[in-house]
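Everything on this sheet refers to the single structure shown next.
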Amino acid sequence: MTESLVTLTTDFGQGSSYVAALKGVLLGVNSQARLVDLAHNIPAQDLRYTAFFLRTAVPYFPPATLHVVVVDPGVGTARAILYVEVAGQRLLVPDNGCWTTLAADRDPERVIRLTEPRYWRPEVSATFHGRDIFAPSAGHLSLGLDPCLLGPAVTDWVRLELPVPALDGEALLGEVVFIDHFGNLLTNIPAEALSRWGGKSVTVKVGMETVTRRVRTYGEVEPGTLVALVSSMGTLEVAVSHGDAAARLHAAVGTPVEVRPATNPSAPSA
Amino acid sequence: MTESLVTLTTDFGQGSSYVAALKGVLLGVNSQARLVDLAHNIPAQDLRYTAFFLRTAVPYFPPATLHVVVVDPGVGTARAILYVEVAGQRLLVPDNGCWTTLAADRDPERVIRLTEPRYWRPEVSATFHGRDIFAPSAGHLSLGLDPCLLGPAVTDWVRLELPVPALDGEALLGEVVFIDHFGNLLTNIPAEALSRWGGKSVTVKVGMETVTRRVRTYGEVEPGTLVALVSSMGTLEVAVSHGDAAARLHAAVGTPVEVRPATNPSAPSA
Amino acid sequence: MTESLVTLTTDFGQGSSYVAALKGVLLGVNSQARLVDLAHNIPAQDLRYTAFFLRTAVPYFPPATLHVVVVDPGVGTARAILYVEVAGQRLLVPDNGCWTTLAADRDPERVIRLTEPRYWRPEVSATFHGRDIFAPSAGHLSLGLDPCLLGPAVTDWVRLELPVPALDGEALLGEVVFIDHFGNLLTNIPAEALSRWGGKSVTVKVGMETVTRRVRTYGEVEPGTLVALVSSMGTLEVAVSHGDAAARLHAAVGTPVEVRPATNPSAPSA
């Protein structure tokens, strides 16, 4: 019975009373719901961050887990709230595209627009749908409510496009898409790019800086070494062993990353 | 059975080992207790913040939820620890008034002073009653212990007075009482004040700055617009659409907020 | 049945998607596991901090609780992952010594090296063993798996030595080993040192500063007073009543602390 597992992801801030109120309302509908905090410190209203976060977290949960995601710059406007079944997971999300990169190439199994106020709090504020719509709807779903009762199925929704790497002659041009707590730079360049030129060495550049070592994991080189490796997401990652690559390279989300065949024999070999 | 739901609110710091120890002791008494973290980053020993936090969170929980609140500048002194039943909720709190604004105008159903060491850890430190008294008492209560066994009922306790807005001629003078994670300013001015002068427009001032737009929600105006709206608590809120009002207005908790009938036709209409 | 209680301690960062993925995998193996977040903001790769954290948290949990600890600078290298039974608790930890100070003087009941990939994710990344080895192994253990099946018992492991205070003539020389969220300084000097010279007064120095008051708890003196007291861990603590001793004394982990018999009658009496 994973139906009662409900994860929570918001940009309300760690320890926010908004999160507390959301939990209270949800447990008020289903006191047996099993809440799992994912994150409440998503950067405010940052949909790209949210999309990346969901992609690296949601797929690992057991099938039919319900993920409540309230990163919602459009709260109170005409934007829809959606119930989505995609890749075996279930989500309650604002219709802002933050979930669409979960689907990859396949269609979601079901998308429903929440229109049935019977499953909401009796008074719905204009600024806190997390408490007034998401939380009670999640409570009812976790009790086994048929999602069809929440509203009509829809076939159109906002899609979020994430940047994809581009080929430029011999080089593959991508960018930093996420910086983790350790300062490791996760890029949108698939790991295969490191070996796309067969046995030939490749050069990795982040901004103006060239990465000179290719490793399998952080701990196999001297602390402080700048390295390229395959991230736990299967993408190119740039890191400083026991250090902070973002600080060292002054890198941010969006910083260009380039992979090209090496001309210099001291470059990392793939 | 919501009796086993236990929420935790402390100023111990996110990820503090003090929180971990408290959870351990509580689960040691009742390993089936269902813990819900509300906040552990309450500003240190800030009773006004705690009172505001509890008011915006506790009422949403199912009846008989037990709320453990350890924001306790008087730990180890003669201050009492109380078990309180108020507005259908149950709390374990230091006797410092942080819960009294939950009661509004009505009396709490029951207030008991914890005096019975049988329900505490065998050795009680002078500085960590969260672990040594609150946690085991909460464990026993979540197992269904009759609260009468914790100690005697009392009829006197510390009350916390929160600032209330004052009428000054035609103006209503209040203040910022809370700043959320987005920088939105929550005030102690009831939403009705915005329409108290009938159909007439009102002017909202925060410190020296005049708010020039009245909206229903953030997303209905251009990003960066300074707006007044009704908060999710039913009070006057001042916000910057997709921005940070606290930073923009240099506002803090306690910053004066004034609502008065507009003399200028470009002011917001209620 | 405390077997299904699983605590989580990492340095992945509060709200990290790495924590979310770890929870997802664990619940994917045992959707009934009861997760308890201890801390996810352990300072990156700080093993001394982790050891102190575990010592002040783990012993309070009910017997047989499983503690998953992923502070792992050696991820992906040859370092082992261990299942440990010590002092009635169970842990999954990297073999970096962070758990060894839990054992004090006695031997752990059992230490097993994880070698059996049957209980891991099918593909194990080089950089995220938390998700790929710790989480699924914890899931299986929480379902009641016999730990013997995880791999062979071992009798050798990395030990972490924490600094111990030294006697220097009449003085006891220790250091600050932890600074809590309030800025209180926890030292490695046992509380008994305060009374080791019989009824004689002692002087406490932190760095160059002398502490002039001995108290039982913070609230019994004027706010702002610098005090020495017995911490909730039974060690010497230096604090500022309602203030931040670390900031006031410019103290850090490692700052020397000295206790010696007082020569000055205005010094604190033990």
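Ordered as shown in the structure tokens, chains take letters A, B, and onward, while each chain numbers its residues from 1 and ligands are numbered from 1 in the order shown.
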
Non-local contacts of Ile112 in chain B (7 Å; only C-alpha atoms; under 3 positions in same chain excluded) as a compact mmCIF listing (two decimals) with all heavy atoms, in the first residue's frame:
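Saved to out.txt:
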```txt
# COMPACT_ATOMS: atom_id res chain seq x y z
N LEU B 82 3.97 23.10 30.63
CA LEU B 82 2.52 22.91 30.64
C LEU B 82 2.06 21.92 29.57
O LEU B 82 2.62 21.86 28.48
CB LEU B 82 1.82 24.25 30.37
CG LEU B 82 2.15 25.40 31.32
CD1 LEU B 82 1.43 26.67 30.88
CD2 LEU B 82 1.80 25.04 32.76
N TYR B 83 1.04 21.15 29.93
CA TYR B 83 0.24 20.42 28.95
C TYR B 83 -1.04 21.23 28.79
O TYR B 83 -1.71 21.55 29.78
CB TYR B 83 -0.09 19.02 29.46
CG TYR B 83 -1.16 18.34 28.64
CD1 TYR B 83 -0.85 17.73 27.44
CD2 TYR B 83 -2.50 18.34 29.05
CE1 TYR B 83 -1.83 17.11 26.67
CE2 TYR B 83 -3.48 17.73 28.30
CZ TYR B 83 -3.14 17.13 27.10
OH TYR B 83 -4.12 16.53 26.34
N VAL B 84 -1.37 21.58 27.54
CA VAL B 84 -2.51 22.46 27.29
C VAL B 84 -3.46 21.81 26.29
O VAL B 84 -3.00 21.23 25.30
CB VAL B 84 -2.02 23.81 26.72
CG1 VAL B 84 -3.20 24.70 26.36
CG2 VAL B 84 -1.09 24.51 27.70
N GLY B 151 0.45 15.87 36.26
CA GLY B 151 0.57 16.88 37.31
C GLY B 151 -0.77 17.55 37.55
O GLY B 151 -1.78 17.15 36.97
N PRO B 152 -0.77 18.59 38.38
CA PRO B 152 -2.03 19.24 38.74
C PRO B 152 -2.53 20.21 37.67
O PRO B 152 -1.73 20.81 36.94
CB PRO B 152 -1.64 20.02 40.01
CG PRO B 152 -0.20 20.33 39.82
CD PRO B 152 0.39 19.14 39.09
N ALA B 153 -3.84 20.35 37.57
CA ALA B 153 -4.41 21.39 36.74
C ALA B 153 -4.04 22.75 37.33
O ALA B 153 -3.96 22.89 38.55
CB ALA B 153 -5.93 21.24 36.67
N VAL B 154 -3.81 23.73 36.48
CA VAL B 154 -3.49 25.07 36.96
C VAL B 154 -4.41 26.07 36.25
O VAL B 154 -4.97 25.77 35.20
CB VAL B 154 -2.01 25.44 36.71
CG1 VAL B 154 -1.10 24.59 37.57
CG2 VAL B 154 -1.65 25.33 35.24
```

* **In range 65-140 of chain C, DSSP helix (DSSP H, G or I) residues written as a count of residues only** => 18

* To do: Give as JSON, numbers by chain every residue of chain A that touches chain B within 10 Å, counting only C-alpha atoms.
  => {"A": [11, 12, 13, 14, 15, 16, 17, 18, 19, 20, 21, 22, 23, 24, 25, 26, 27, 28, 29, 30, 31, 32, 34, 35, 36, 37, 41, 43, 44, 45, 72, 73, 74, 75, 76, 77, 78, 79, 124, 125, 126, 127, 128, 129, 131, 132]}

* To do: May I have the residues within 12 Å of range 105-110 of chain B as a VMD selection string, using only C-alpha atoms and disregarding those fewer than 2 positions away in the same chain?
  => chain B and resid 82 to 92 99 to 103 112 to 113 147 to 148 151 to 157

* Structure fact -> Computed gap from CA of Arg214 in chain B to CA of Pro261 in chain B is 13.7 Å

* To do: Using only C-alpha atoms, pick whichever of A:Val204, A:Val227, A:Pro136, A:Thr210 has the shortest atom-to-atom distance to Glu123 in chain A.
  =>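 Ranking A:Val204, A:Val227, A:Pro136, A:Thr210 by distance to Glu123 in chain A, first place goes to A:Pro136.
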
* **Selection: 12 Å around His250 in chain B, only C-alpha atoms, excl. self and same-chain fewer than 3 positions, as a ChimeraX atom specification** => /B:176,179,183-185,206-209,244-247,253-256
